[in-house]
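**Q** work21.txt is reproduced in full below (compact mmCIF, N, CA and C atoms).
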```
# COMPACT_ATOMS: atom_id res chain seq x y z
N MET J 1 304.40 224.79 -31.39
CA MET J 1 304.27 226.21 -31.58
C MET J 1 304.96 226.59 -32.88
N LEU J 2 304.19 227.12 -33.81
CA LEU J 2 304.73 227.60 -35.07
C LEU J 2 304.57 229.11 -35.10
N SER J 3 305.66 229.81 -35.32
CA SER J 3 305.57 231.26 -35.42
C SER J 3 304.72 231.63 -36.63
N PRO J 4 303.88 232.65 -36.48
CA PRO J 4 303.11 233.11 -37.65
C PRO J 4 304.02 233.72 -38.72
N PHE J 5 305.27 233.95 -38.38
CA PHE J 5 306.24 234.50 -39.34
C PHE J 5 307.13 233.42 -39.94
N SER J 6 306.74 232.15 -39.78
CA SER J 6 307.45 231.03 -40.41
C SER J 6 306.63 230.53 -41.59
N ASP J 7 307.28 229.78 -42.48
CA ASP J 7 306.61 229.19 -43.64
C ASP J 7 306.79 227.68 -43.55
N VAL J 8 305.89 227.02 -42.82
CA VAL J 8 305.98 225.59 -42.59
C VAL J 8 304.99 224.89 -43.51
N GLN J 9 305.53 224.24 -44.56
CA GLN J 9 304.69 223.57 -45.55
C GLN J 9 304.52 222.09 -45.24
N SER J 10 305.35 221.53 -44.35
CA SER J 10 305.28 220.12 -44.00
C SER J 10 304.12 219.86 -43.04
N GLN J 11 303.49 218.72 -43.21
CA GLN J 11 302.45 218.27 -42.27
C GLN J 11 303.04 217.31 -41.24
N SER J 12 304.35 217.03 -41.34
CA SER J 12 305.00 216.04 -40.47
C SER J 12 305.87 216.73 -39.43
N ILE J 13 305.22 217.45 -38.54
CA ILE J 13 305.89 218.16 -37.46
C ILE J 13 305.41 217.55 -36.15
N GLY J 14 306.35 217.06 -35.32
CA GLY J 14 305.98 216.38 -34.08
C GLY J 14 305.42 217.29 -33.01
N GLU J 15 304.77 216.66 -32.05
CA GLU J 15 304.18 217.38 -30.92
C GLU J 15 305.25 218.07 -30.10
N GLY J 16 304.94 219.26 -29.64
CA GLY J 16 305.84 220.00 -28.76
C GLY J 16 307.00 220.68 -29.48
N THR J 17 307.08 220.54 -30.80
CA THR J 17 308.16 221.18 -31.55
C THR J 17 307.87 222.66 -31.72
N LYS J 18 308.90 223.46 -31.52
CA LYS J 18 308.80 224.91 -31.69
C LYS J 18 309.56 225.31 -32.95
N ILE J 19 308.90 226.06 -33.81
CA ILE J 19 309.52 226.59 -35.02
C ILE J 19 309.35 228.11 -34.98
N TRP J 20 310.47 228.79 -34.93
CA TRP J 20 310.49 230.23 -34.71
C TRP J 20 310.35 231.00 -36.02
N GLN J 21 310.42 232.32 -35.92
CA GLN J 21 310.18 233.19 -37.07
C GLN J 21 311.25 233.04 -38.15
N PHE J 22 310.80 233.29 -39.39
CA PHE J 22 311.68 233.31 -40.58
C PHE J 22 312.32 231.94 -40.85
N VAL J 23 311.60 230.88 -40.51
CA VAL J 23 312.02 229.51 -40.82
C VAL J 23 311.17 229.02 -41.98
N VAL J 24 311.81 228.33 -42.95
CA VAL J 24 311.08 227.70 -44.05
C VAL J 24 311.28 226.20 -43.93
N VAL J 25 310.18 225.45 -43.92
CA VAL J 25 310.21 223.99 -43.89
C VAL J 25 309.41 223.50 -45.11
N LEU J 26 310.09 222.83 -46.04
CA LEU J 26 309.43 222.37 -47.25
C LEU J 26 308.53 221.15 -46.98
N PRO J 27 307.60 220.84 -47.90
CA PRO J 27 306.54 219.85 -47.63
C PRO J 27 307.02 218.45 -47.28
N GLY J 28 308.14 217.99 -47.82
CA GLY J 28 308.58 216.62 -47.59
C GLY J 28 309.37 216.40 -46.32
N ALA J 29 309.73 217.45 -45.62
CA ALA J 29 310.53 217.34 -44.40
C ALA J 29 309.74 216.66 -43.28
N VAL J 30 310.46 215.90 -42.45
CA VAL J 30 309.86 215.24 -41.28
C VAL J 30 310.64 215.71 -40.06
N ILE J 31 309.94 216.31 -39.10
CA ILE J 31 310.57 216.82 -37.88
C ILE J 31 309.88 216.17 -36.70
N GLY J 32 310.67 215.63 -35.78
CA GLY J 32 310.15 214.89 -34.64
C GLY J 32 309.55 215.73 -33.54
N ASN J 33 309.36 215.10 -32.39
CA ASN J 33 308.74 215.72 -31.22
C ASN J 33 309.75 216.54 -30.43
N ASP J 34 309.25 217.61 -29.78
CA ASP J 34 310.01 218.41 -28.82
C ASP J 34 311.29 218.99 -29.38
N CYS J 35 311.28 219.34 -30.67
CA CYS J 35 312.44 219.98 -31.29
C CYS J 35 312.34 221.48 -31.12
N ASN J 36 313.47 222.15 -31.28
CA ASN J 36 313.51 223.61 -31.25
C ASN J 36 314.26 224.05 -32.50
N ILE J 37 313.53 224.60 -33.47
CA ILE J 37 314.11 225.08 -34.71
C ILE J 37 314.12 226.61 -34.61
N CYS J 38 315.29 227.18 -34.41
CA CYS J 38 315.41 228.61 -34.16
C CYS J 38 315.27 229.42 -35.45
N SER J 39 315.24 230.72 -35.31
CA SER J 39 314.95 231.61 -36.44
C SER J 39 315.97 231.51 -37.57
N HIS J 40 315.52 231.89 -38.75
CA HIS J 40 316.35 231.97 -39.96
C HIS J 40 316.95 230.62 -40.37
N CYS J 41 316.18 229.55 -40.26
CA CYS J 41 316.61 228.23 -40.73
C CYS J 41 315.82 227.84 -41.98
N PHE J 42 316.39 226.92 -42.76
CA PHE J 42 315.74 226.40 -43.96
C PHE J 42 315.88 224.89 -43.93
N ILE J 43 314.76 224.18 -44.10
CA ILE J 43 314.77 222.71 -44.09
C ILE J 43 314.12 222.22 -45.37
N GLU J 44 314.94 221.52 -46.19
CA GLU J 44 314.50 221.06 -47.50
C GLU J 44 313.61 219.81 -47.39
N ASN J 45 313.17 219.26 -48.53
CA ASN J 45 312.19 218.17 -48.58
C ASN J 45 312.69 216.83 -48.03
N ASP J 46 313.82 216.36 -48.51
CA ASP J 46 314.31 215.03 -48.14
C ASP J 46 315.20 215.14 -46.90
N VAL J 47 314.57 215.60 -45.81
CA VAL J 47 315.27 215.81 -44.53
C VAL J 47 314.46 215.13 -43.44
N GLN J 48 315.18 214.42 -42.57
CA GLN J 48 314.55 213.80 -41.40
C GLN J 48 315.23 214.32 -40.15
N VAL J 49 314.43 214.83 -39.22
CA VAL J 49 314.95 215.34 -37.95
C VAL J 49 314.27 214.54 -36.85
N GLY J 50 315.05 213.95 -35.96
CA GLY J 50 314.52 213.12 -34.88
C GLY J 50 313.87 213.94 -33.78
N ASP J 51 313.72 213.33 -32.61
CA ASP J 51 313.11 213.97 -31.44
C ASP J 51 314.15 214.72 -30.62
N ARG J 52 313.68 215.78 -29.97
CA ARG J 52 314.48 216.57 -29.01
C ARG J 52 315.75 217.14 -29.65
N VAL J 53 315.65 217.54 -30.90
CA VAL J 53 316.78 218.12 -31.63
C VAL J 53 316.71 219.64 -31.51
N THR J 54 317.86 220.27 -31.30
CA THR J 54 317.97 221.73 -31.31
C THR J 54 318.74 222.14 -32.55
N VAL J 55 318.12 223.01 -33.34
CA VAL J 55 318.77 223.59 -34.52
C VAL J 55 318.81 225.10 -34.28
N LYS J 56 319.99 225.62 -34.01
CA LYS J 56 320.12 227.04 -33.70
C LYS J 56 320.01 227.89 -34.98
N CYS J 57 320.01 229.20 -34.81
CA CYS J 57 319.76 230.16 -35.90
C CYS J 57 320.73 229.99 -37.07
N GLY J 58 320.21 230.20 -38.27
CA GLY J 58 321.04 230.29 -39.46
C GLY J 58 321.52 228.98 -40.04
N VAL J 59 320.82 227.89 -39.77
CA VAL J 59 321.22 226.57 -40.27
C VAL J 59 320.31 226.17 -41.43
N GLN J 60 320.90 225.58 -42.48
CA GLN J 60 320.13 225.02 -43.58
C GLN J 60 320.37 223.52 -43.61
N LEU J 61 319.28 222.77 -43.66
CA LEU J 61 319.36 221.31 -43.77
C LEU J 61 318.88 220.93 -45.16
N TRP J 62 319.81 220.46 -45.99
CA TRP J 62 319.55 220.19 -47.40
C TRP J 62 319.10 218.75 -47.62
N ASP J 63 318.52 218.49 -48.80
CA ASP J 63 318.09 217.14 -49.17
C ASP J 63 319.18 216.12 -48.87
N GLY J 64 318.77 214.99 -48.28
CA GLY J 64 319.70 213.91 -47.95
C GLY J 64 320.23 213.97 -46.54
N THR J 65 319.77 214.95 -45.74
CA THR J 65 320.27 215.10 -44.37
C THR J 65 319.37 214.36 -43.39
N VAL J 66 320.00 213.54 -42.53
CA VAL J 66 319.28 212.82 -41.48
C VAL J 66 319.89 213.22 -40.15
N ILE J 67 319.05 213.73 -39.26
CA ILE J 67 319.47 214.13 -37.92
C ILE J 67 318.73 213.22 -36.94
N GLU J 68 319.47 212.42 -36.19
CA GLU J 68 318.83 211.51 -35.24
C GLU J 68 318.44 212.24 -33.95
N ASN J 69 317.91 211.51 -32.97
CA ASN J 69 317.42 212.08 -31.72
C ASN J 69 318.52 212.76 -30.90
N ASP J 70 318.11 213.80 -30.15
CA ASP J 70 318.94 214.44 -29.13
C ASP J 70 320.22 215.08 -29.68
N VAL J 71 320.16 215.56 -30.90
CA VAL J 71 321.30 216.22 -31.54
C VAL J 71 321.22 217.72 -31.29
N PHE J 72 322.38 218.35 -31.11
CA PHE J 72 322.49 219.81 -31.01
C PHE J 72 323.26 220.31 -32.23
N ILE J 73 322.67 221.26 -32.95
CA ILE J 73 323.33 221.89 -34.09
C ILE J 73 323.45 223.37 -33.79
N GLY J 74 324.68 223.84 -33.63
CA GLY J 74 324.94 225.22 -33.23
C GLY J 74 324.63 226.23 -34.32
N PRO J 75 324.69 227.52 -33.95
CA PRO J 75 324.36 228.58 -34.90
C PRO J 75 325.26 228.56 -36.13
N ASN J 76 324.63 228.78 -37.28
CA ASN J 76 325.32 228.93 -38.56
C ASN J 76 326.15 227.72 -38.98
N VAL J 77 325.82 226.54 -38.48
CA VAL J 77 326.46 225.32 -38.99
C VAL J 77 326.05 225.18 -40.45
N THR J 78 327.01 224.82 -41.30
CA THR J 78 326.76 224.70 -42.73
C THR J 78 326.86 223.24 -43.16
N PHE J 79 325.76 222.72 -43.66
CA PHE J 79 325.73 221.40 -44.27
C PHE J 79 325.78 221.58 -45.79
N SER J 80 326.34 220.60 -46.48
CA SER J 80 326.33 220.61 -47.94
C SER J 80 325.97 219.21 -48.42
N ASN J 81 325.44 219.11 -49.66
CA ASN J 81 324.98 217.80 -50.12
C ASN J 81 325.41 217.47 -51.55
N ASP J 82 326.26 218.28 -52.13
CA ASP J 82 326.67 218.06 -53.51
C ASP J 82 328.18 218.29 -53.61
N ASN J 83 328.92 217.23 -53.94
CA ASN J 83 330.38 217.32 -54.02
C ASN J 83 330.88 218.15 -55.20
N PHE J 84 330.07 218.29 -56.23
CA PHE J 84 330.49 219.02 -57.43
C PHE J 84 329.37 219.97 -57.87
N PRO J 85 329.03 220.97 -57.04
CA PRO J 85 327.89 221.83 -57.37
C PRO J 85 328.15 222.73 -58.58
N ARG J 86 327.14 222.81 -59.41
CA ARG J 86 327.12 223.72 -60.56
C ARG J 86 325.73 224.34 -60.62
N SER J 87 325.67 225.59 -61.01
CA SER J 87 324.39 226.26 -61.12
C SER J 87 323.49 225.55 -62.13
N LYS J 88 322.27 225.23 -61.70
CA LYS J 88 321.24 224.59 -62.53
C LYS J 88 321.61 223.19 -63.02
N VAL J 89 322.61 222.56 -62.40
CA VAL J 89 322.98 221.17 -62.72
C VAL J 89 322.84 220.37 -61.43
N TYR J 90 321.91 219.41 -61.42
CA TYR J 90 321.59 218.68 -60.20
C TYR J 90 321.93 217.20 -60.35
N PRO J 91 322.47 216.58 -59.29
CA PRO J 91 322.72 215.14 -59.35
C PRO J 91 321.41 214.37 -59.30
N ASP J 92 321.45 213.10 -59.71
CA ASP J 92 320.25 212.26 -59.63
C ASP J 92 319.81 212.08 -58.19
N THR J 93 320.79 211.91 -57.29
CA THR J 93 320.51 211.84 -55.85
C THR J 93 321.59 212.65 -55.13
N PHE J 94 321.22 213.19 -54.01
CA PHE J 94 322.17 213.95 -53.22
C PHE J 94 322.85 213.05 -52.20
N ALA J 95 324.08 213.40 -51.86
CA ALA J 95 324.83 212.65 -50.85
C ALA J 95 324.06 212.64 -49.53
N LYS J 96 324.06 211.51 -48.84
CA LYS J 96 323.37 211.39 -47.55
C LYS J 96 324.33 211.73 -46.43
N THR J 97 323.93 212.69 -45.61
CA THR J 97 324.69 213.09 -44.43
C THR J 97 323.87 212.66 -43.22
N ILE J 98 324.52 211.96 -42.28
CA ILE J 98 323.82 211.45 -41.10
C ILE J 98 324.52 211.95 -39.85
N VAL J 99 323.73 212.55 -38.95
CA VAL J 99 324.23 212.95 -37.64
C VAL J 99 323.56 212.03 -36.63
N ARG J 100 324.35 211.16 -36.01
CA ARG J 100 323.81 210.13 -35.12
C ARG J 100 323.41 210.71 -33.76
N GLU J 101 322.63 209.91 -33.05
CA GLU J 101 322.02 210.27 -31.78
C GLU J 101 323.01 210.92 -30.81
N GLY J 102 322.59 212.04 -30.21
CA GLY J 102 323.34 212.68 -29.14
C GLY J 102 324.57 213.45 -29.57
N ALA J 103 324.82 213.56 -30.86
CA ALA J 103 325.99 214.32 -31.32
C ALA J 103 325.73 215.82 -31.16
N SER J 104 326.82 216.60 -31.05
CA SER J 104 326.74 218.06 -30.97
C SER J 104 327.69 218.67 -31.98
N ILE J 105 327.20 219.69 -32.67
CA ILE J 105 328.00 220.37 -33.68
C ILE J 105 328.11 221.83 -33.28
N GLY J 106 329.33 222.32 -33.09
CA GLY J 106 329.56 223.69 -32.65
C GLY J 106 329.31 224.72 -33.75
N ALA J 107 329.15 225.96 -33.32
CA ALA J 107 328.84 227.08 -34.21
C ALA J 107 329.81 227.17 -35.38
N ASN J 108 329.26 227.49 -36.53
CA ASN J 108 330.03 227.76 -37.76
C ASN J 108 330.82 226.57 -38.29
N ALA J 109 330.56 225.37 -37.82
CA ALA J 109 331.21 224.19 -38.40
C ALA J 109 330.65 223.97 -39.80
N THR J 110 331.47 223.38 -40.67
CA THR J 110 331.06 223.02 -42.02
C THR J 110 331.13 221.51 -42.16
N ILE J 111 330.04 220.92 -42.63
CA ILE J 111 329.95 219.47 -42.78
C ILE J 111 329.85 219.17 -44.28
N LEU J 112 330.87 218.51 -44.83
CA LEU J 112 330.87 218.19 -46.26
C LEU J 112 329.88 217.08 -46.58
N PRO J 113 329.52 216.91 -47.86
CA PRO J 113 328.50 215.92 -48.24
C PRO J 113 328.91 214.49 -47.92
N GLY J 114 327.90 213.68 -47.58
CA GLY J 114 328.11 212.25 -47.41
C GLY J 114 328.81 211.85 -46.13
N ILE J 115 328.88 212.74 -45.17
CA ILE J 115 329.57 212.50 -43.90
C ILE J 115 328.62 211.82 -42.91
N GLU J 116 329.17 210.93 -42.08
CA GLU J 116 328.42 210.40 -40.94
C GLU J 116 329.13 210.84 -39.67
N ILE J 117 328.38 211.50 -38.80
CA ILE J 117 328.90 211.92 -37.50
C ILE J 117 328.36 210.93 -36.48
N GLY J 118 329.25 210.25 -35.79
CA GLY J 118 328.88 209.15 -34.90
C GLY J 118 328.12 209.58 -33.65
N LYS J 119 327.47 208.60 -33.06
CA LYS J 119 326.69 208.79 -31.84
C LYS J 119 327.55 209.45 -30.76
N GLY J 120 327.04 210.52 -30.15
CA GLY J 120 327.71 211.17 -29.04
C GLY J 120 328.94 211.99 -29.40
N ALA J 121 329.25 212.11 -30.69
CA ALA J 121 330.43 212.87 -31.11
C ALA J 121 330.23 214.37 -30.87
N MET J 122 331.35 215.07 -30.75
CA MET J 122 331.32 216.53 -30.60
C MET J 122 332.22 217.16 -31.65
N ILE J 123 331.65 218.12 -32.39
CA ILE J 123 332.38 218.83 -33.43
C ILE J 123 332.66 220.23 -32.90
N GLY J 124 333.92 220.62 -32.85
CA GLY J 124 334.29 221.94 -32.35
C GLY J 124 333.82 223.06 -33.25
N ALA J 125 333.58 224.22 -32.66
CA ALA J 125 333.15 225.40 -33.41
C ALA J 125 334.16 225.71 -34.52
N GLY J 126 333.64 226.04 -35.69
CA GLY J 126 334.47 226.43 -36.82
C GLY J 126 335.17 225.29 -37.53
N SER J 127 334.95 224.07 -37.12
CA SER J 127 335.62 222.92 -37.75
C SER J 127 335.10 222.68 -39.16
N VAL J 128 335.95 222.11 -40.00
CA VAL J 128 335.55 221.68 -41.33
C VAL J 128 335.65 220.16 -41.35
N VAL J 129 334.50 219.50 -41.37
CA VAL J 129 334.45 218.04 -41.28
C VAL J 129 334.48 217.46 -42.69
N THR J 130 335.60 216.80 -43.02
CA THR J 130 335.83 216.28 -44.37
C THR J 130 335.71 214.76 -44.46
N LYS J 131 335.60 214.09 -43.29
CA LYS J 131 335.46 212.64 -43.30
C LYS J 131 334.62 212.22 -42.10
N ASN J 132 334.18 210.97 -42.09
CA ASN J 132 333.32 210.47 -41.02
C ASN J 132 333.97 210.67 -39.66
N VAL J 133 333.12 210.92 -38.66
CA VAL J 133 333.57 211.12 -37.28
C VAL J 133 333.09 209.92 -36.46
N PRO J 134 334.01 209.22 -35.78
CA PRO J 134 333.60 208.04 -35.00
C PRO J 134 332.72 208.41 -33.80
N GLU J 135 332.03 207.40 -33.30
CA GLU J 135 331.21 207.54 -32.10
C GLU J 135 332.04 208.11 -30.95
N ASN J 136 331.47 209.08 -30.23
CA ASN J 136 332.06 209.70 -29.04
C ASN J 136 333.38 210.43 -29.27
N ALA J 137 333.75 210.67 -30.52
CA ALA J 137 334.98 211.41 -30.80
C ALA J 137 334.73 212.91 -30.63
N VAL J 138 335.77 213.61 -30.17
CA VAL J 138 335.78 215.07 -30.15
C VAL J 138 336.73 215.49 -31.25
N VAL J 139 336.22 216.27 -32.21
CA VAL J 139 337.05 216.72 -33.33
C VAL J 139 337.03 218.24 -33.42
N ALA J 140 338.11 218.79 -33.97
CA ALA J 140 338.19 220.23 -34.18
C ALA J 140 339.23 220.51 -35.25
N GLY J 141 339.12 221.70 -35.85
CA GLY J 141 340.12 222.16 -36.80
C GLY J 141 339.67 222.10 -38.24
N ASN J 142 340.62 222.47 -39.12
CA ASN J 142 340.39 222.48 -40.56
C ASN J 142 341.61 221.86 -41.25
N PRO J 143 341.47 220.60 -41.67
CA PRO J 143 340.30 219.74 -41.52
C PRO J 143 340.17 219.24 -40.08
N ALA J 144 338.96 218.86 -39.71
CA ALA J 144 338.71 218.37 -38.35
C ALA J 144 339.51 217.10 -38.08
N ARG J 145 340.16 217.07 -36.92
CA ARG J 145 340.93 215.90 -36.49
C ARG J 145 340.47 215.49 -35.11
N ILE J 146 340.63 214.21 -34.80
CA ILE J 146 340.22 213.70 -33.49
C ILE J 146 341.17 214.21 -32.43
N LEU J 147 340.60 214.84 -31.40
CA LEU J 147 341.38 215.33 -30.27
C LEU J 147 341.38 214.32 -29.12
N ARG J 148 340.23 213.70 -28.91
CA ARG J 148 340.11 212.69 -27.86
C ARG J 148 338.78 211.96 -28.05
N THR J 149 338.57 210.96 -27.21
CA THR J 149 337.30 210.21 -27.23
C THR J 149 336.63 210.35 -25.88
N LEU J 150 335.33 210.61 -25.90
CA LEU J 150 334.56 210.70 -24.67
C LEU J 150 334.19 209.31 -24.18
N LYS J 151 334.06 209.15 -22.88
CA LYS J 151 333.68 207.85 -22.31
C LYS J 151 332.21 207.71 -22.20
```
Is it possible to give me this structure as structure tokens?
**A**
Amino acid sequence: MLSPFSDVQSQSIGEGTKIWQFVVVLPGAVIGNDCNICSHCFIENDVQVGDRVTVKCGVQLWDGTVIENDVFIGPNVTFSNDNFPRSKVYPDTFAKTIVREGASIGANATILPGIEIGKGAMIGAGSVVTKNVPENAVVAGNPARILRTLK
């Protein structure tokens, strides 16, 4: 289901995926099956989204972002892909950010470029993730620190 008020330029949208109003998906993006992309999101070209992913309102997925299966991305989560951004100055390649299978990212978290969030990890709301997060870790704060590990 694609909202008539969305701008979906990609031909690589999986079956059963819902894309709501005021979402822009650029031509090179790949989105898997049974995803839910909520309103006011932007998905750039070099982005891969797995199956059964939820992307809540107000999220931008920039070039170099890989989201594996069964990931939850809360409202207004901020991803970044350039460690030294300057207006009209672009790197040859953007940092790759990977969110592994089953991870959850709470509302308003900020994910710095080149980060890997491990399988099953949980990022607390409002956290600033400055380094890789291990598998099944629960992190929170600014900068995000490990609080515990899930079994």
**Q** Extract the full set of strand (DSSP E) residues from region 90-143 of chain J according to DSSP on the backbone, and format it as a list in words.
**A**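 Across region 90-143 of chain J, those assigned strand (DSSP E) are Thr97, Ile98, Val99, Ser104, Ile105, Thr110, Ile111, Glu116, Ile117, Met122, Ile123, Val128, Val129, Ala137, Val138, Val139 and Ala140 of chain J.
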**Q** Generate a file of the selected residues that holds N, CA and C atoms, formatted as an mmCIF file, in the frame of the given file.
**A**
```cif
data_model
loop_
_atom_site.group_PDB
_atom_site.id
_atom_site.type_symbol
_atom_site.label_atom_id
_atom_site.label_comp_id
_atom_site.auth_asym_id
_atom_site.auth_seq_id
_atom_site.Cartn_x
_atom_site.Cartn_y
_atom_site.Cartn_z
ATOM 1 N N THR J 97 323.930 212.690 -45.610
ATOM 2 C CA THR J 97 324.690 213.090 -44.430
ATOM 3 C C THR J 97 323.870 212.660 -43.220
ATOM 4 N N ILE J 98 324.520 211.960 -42.280
ATOM 5 C CA ILE J 98 323.820 211.450 -41.100
ATOM 6 C C ILE J 98 324.520 211.950 -39.850
ATOM 7 N N VAL J 99 323.730 212.550 -38.950
ATOM 8 C CA VAL J 99 324.230 212.950 -37.640
ATOM 9 C C VAL J 99 323.560 212.030 -36.630
ATOM 10 N N SER J 104 326.820 216.600 -31.050
ATOM 11 C CA SER J 104 326.740 218.060 -30.970
ATOM 12 C C SER J 104 327.690 218.670 -31.980
ATOM 13 N N ILE J 105 327.200 219.690 -32.670
ATOM 14 C CA ILE J 105 328.000 220.370 -33.680
ATOM 15 C C ILE J 105 328.110 221.830 -33.280
ATOM 16 N N THR J 110 331.470 223.380 -40.670
ATOM 17 C CA THR J 110 331.060 223.020 -42.020
ATOM 18 C C THR J 110 331.130 221.510 -42.160
ATOM 19 N N ILE J 111 330.040 220.920 -42.630
ATOM 20 C CA ILE J 111 329.950 219.470 -42.780
ATOM 21 C C ILE J 111 329.850 219.170 -44.280
ATOM 22 N N GLU J 116 329.170 210.930 -42.080
ATOM 23 C CA GLU J 116 328.420 210.400 -40.940
ATOM 24 C C GLU J 116 329.130 210.840 -39.670
ATOM 25 N N ILE J 117 328.380 211.500 -38.800
ATOM 26 C CA ILE J 117 328.900 211.920 -37.500
ATOM 27 C C ILE J 117 328.360 210.930 -36.480
ATOM 28 N N MET J 122 331.350 215.070 -30.750
ATOM 29 C CA MET J 122 331.320 216.530 -30.600
ATOM 30 C C MET J 122 332.220 217.160 -31.650
ATOM 31 N N ILE J 123 331.650 218.120 -32.390
ATOM 32 C CA ILE J 123 332.380 218.830 -33.430
ATOM 33 C C ILE J 123 332.660 220.230 -32.900
ATOM 34 N N VAL J 128 335.950 222.110 -40.000
ATOM 35 C CA VAL J 128 335.550 221.680 -41.330
ATOM 36 C C VAL J 128 335.650 220.160 -41.350
ATOM 37 N N VAL J 129 334.500 219.500 -41.370
ATOM 38 C CA VAL J 129 334.450 218.040 -41.280
ATOM 39 C C VAL J 129 334.480 217.460 -42.690
ATOM 40 N N ALA J 137 333.750 210.670 -30.520
ATOM 41 C CA ALA J 137 334.980 211.410 -30.800
ATOM 42 C C ALA J 137 334.730 212.910 -30.630
ATOM 43 N N VAL J 138 335.770 213.610 -30.170
ATOM 44 C CA VAL J 138 335.780 215.070 -30.150
ATOM 45 C C VAL J 138 336.730 215.490 -31.250
ATOM 46 N N VAL J 139 336.220 216.270 -32.210
ATOM 47 C CA VAL J 139 337.050 216.720 -33.330
ATOM 48 C C VAL J 139 337.030 218.240 -33.420
ATOM 49 N N ALA J 140 338.110 218.790 -33.970
ATOM 50 C CA ALA J 140 338.190 220.230 -34.180
ATOM 51 C C ALA J 140 339.230 220.510 -35.250
#
```
**Q** Could you pull out every residue with an atom within 8 Å of (312.5, 234.2, -38.8), file coordinates, counting all atoms listed in the file, and send them as a count of residues only?
**A** 13
**Q** Could you pull the residues within 5 Å of Thr65 (chain J), counting only N, CA and C atoms, minus those fewer than 2 positions along the same chain, as a PDB file with N, CA and C atoms, in the frame of the given file?
**A**
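And here is the file that came out, part.pdb:
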```pdb
ATOM      1  N   ASP J  46     313.820 216.360 -48.510  1.00  0.00           N
ATOM      2  CA  ASP J  46     314.310 215.030 -48.140  1.00  0.00           C
ATOM      3  C   ASP J  46     315.200 215.140 -46.900  1.00  0.00           C
ATOM      4  N   VAL J  47     314.570 215.600 -45.810  1.00  0.00           N
ATOM      5  CA  VAL J  47     315.270 215.810 -44.530  1.00  0.00           C
ATOM      6  C   VAL J  47     314.460 215.130 -43.440  1.00  0.00           C
ATOM      7  N   GLN J  48     315.180 214.420 -42.570  1.00  0.00           N
ATOM      8  CA  GLN J  48     314.550 213.800 -41.400  1.00  0.00           C
ATOM      9  C   GLN J  48     315.230 214.320 -40.150  1.00  0.00           C
ATOM     10  N   TRP J  62     319.810 220.460 -45.990  1.00  0.00           N
ATOM     11  CA  TRP J  62     319.550 220.190 -47.400  1.00  0.00           C
ATOM     12  C   TRP J  62     319.100 218.750 -47.620  1.00  0.00           C
ATOM     13  N   ASP J  63     318.520 218.490 -48.800  1.00  0.00           N
ATOM     14  CA  ASP J  63     318.090 217.140 -49.170  1.00  0.00           C
ATOM     15  C   ASP J  63     319.180 216.120 -48.870  1.00  0.00           C
ATOM     16  N   ILE J  67     319.050 213.730 -39.260  1.00  0.00           N
ATOM     17  CA  ILE J  67     319.470 214.130 -37.920  1.00  0.00           C
ATOM     18  C   ILE J  67     318.730 213.220 -36.940  1.00  0.00           C
ATOM     19  N   THR J  97     323.930 212.690 -45.610  1.00  0.00           N
ATOM     20  CA  THR J  97     324.690 213.090 -44.430  1.00  0.00           C
ATOM     21  C   THR J  97     323.870 212.660 -43.220  1.00  0.00           C
TER      22      THR J  97
END
```
**Q** Between CA of Phe42 (chain J) and atom N of Gly58 (chain J), measure the distance and give it in Å to one decimal.
**A**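 About the pair CA of Phe42 (chain J) and atom N of Gly58 (chain J): they are 8.2 Å apart.
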**Q** Enter the distance from atom C of Thr110 (chain J) to atom C of Ser12 (chain J), in Å, rounded to one decimal.
**A** 25.9 Å
**Q** Report, in Å to a single decimal, how far apart CA of Ala103 (chain J) and CA of Met122 (chain J) are.
**A**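 Distance between the two atoms: 5.8 Å.
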**Q** As number ranges by chain, please: the residues near Ala121 (chain J) (cut-off 7 Å, only N, CA and C atoms, same-chain neighbours under 2 positions excluded).
**A** J: 100-105, 117-119, 123, 133-139
**Q** Could you check which of J:Val77, J:Ser10, J:Val30, J:Asn132 is closest to Ala107 (chain J), using all atoms listed in the file?
**A** J:Val77
**Q** Point out the residue among J:Asp34, J:Val66, J:Gly28, J:Asn45 with the least atom-to-atom distance to Met1 (chain J), counting only C-alpha atoms.
**A** J:Asp34
**Q** Give me, as a short mmCIF file (atom, residue, chain, number, x, y, z; two decimals) with N, CA and C atoms, in the frame of the given file, all polymer residues having an atom no more than 6 Å from Cys35 (chain J), counting only C-alpha atoms and skipping those fewer than 2 positions away in the same chain.
**A**
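After the write, around_7.cif holds the following:
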```
data_model
loop_
_atom_site.label_atom_id
_atom_site.label_comp_id
_atom_site.auth_asym_id
_atom_site.auth_seq_id
_atom_site.Cartn_x
_atom_site.Cartn_y
_atom_site.Cartn_z
N THR J 17 307.08 220.54 -30.80
CA THR J 17 308.16 221.18 -31.55
C THR J 17 307.87 222.66 -31.72
N ASN J 33 309.36 215.10 -32.39
CA ASN J 33 308.74 215.72 -31.22
C ASN J 33 309.75 216.54 -30.43
N ARG J 52 313.68 215.78 -29.97
CA ARG J 52 314.48 216.57 -29.01
C ARG J 52 315.75 217.14 -29.65
N VAL J 53 315.65 217.54 -30.90
CA VAL J 53 316.78 218.12 -31.63
C VAL J 53 316.71 219.64 -31.51
N THR J 54 317.86 220.27 -31.30
CA THR J 54 317.97 221.73 -31.31
C THR J 54 318.74 222.14 -32.55
#
```
**Q** At a cut-off of 6.5 Å, using all atoms listed in the file, what residues contact Val129 (chain J)? Leave out same-chain residues fewer than 6 positions from it and give the result as a PyMOL selection string.
**A** chain J and resi 109-112+143-144
**Q** Store the residues picked out above in a file with N, CA and C atoms, as a CSV table (one decimal), in the coordinates of the input.
**A**
```csv
chain,number,residue,atom,x,y,z
J,109,ALA,N,330.6,225.4,-37.8
J,109,ALA,CA,331.2,224.2,-38.4
J,109,ALA,C,330.6,224.0,-39.8
J,110,THR,N,331.5,223.4,-40.7
J,110,THR,CA,331.1,223.0,-42.0
J,110,THR,C,331.1,221.5,-42.2
J,111,ILE,N,330.0,220.9,-42.6
J,111,ILE,CA,330.0,219.5,-42.8
J,111,ILE,C,329.8,219.2,-44.3
J,112,LEU,N,330.9,218.5,-44.8
J,112,LEU,CA,330.9,218.2,-46.3
J,112,LEU,C,329.9,217.1,-46.6
J,143,PRO,N,341.5,220.6,-41.7
J,143,PRO,CA,340.3,219.7,-41.5
J,143,PRO,C,340.2,219.2,-40.1
J,144,ALA,N,339.0,218.9,-39.7
J,144,ALA,CA,338.7,218.4,-38.4
J,144,ALA,C,339.5,217.1,-38.1
```
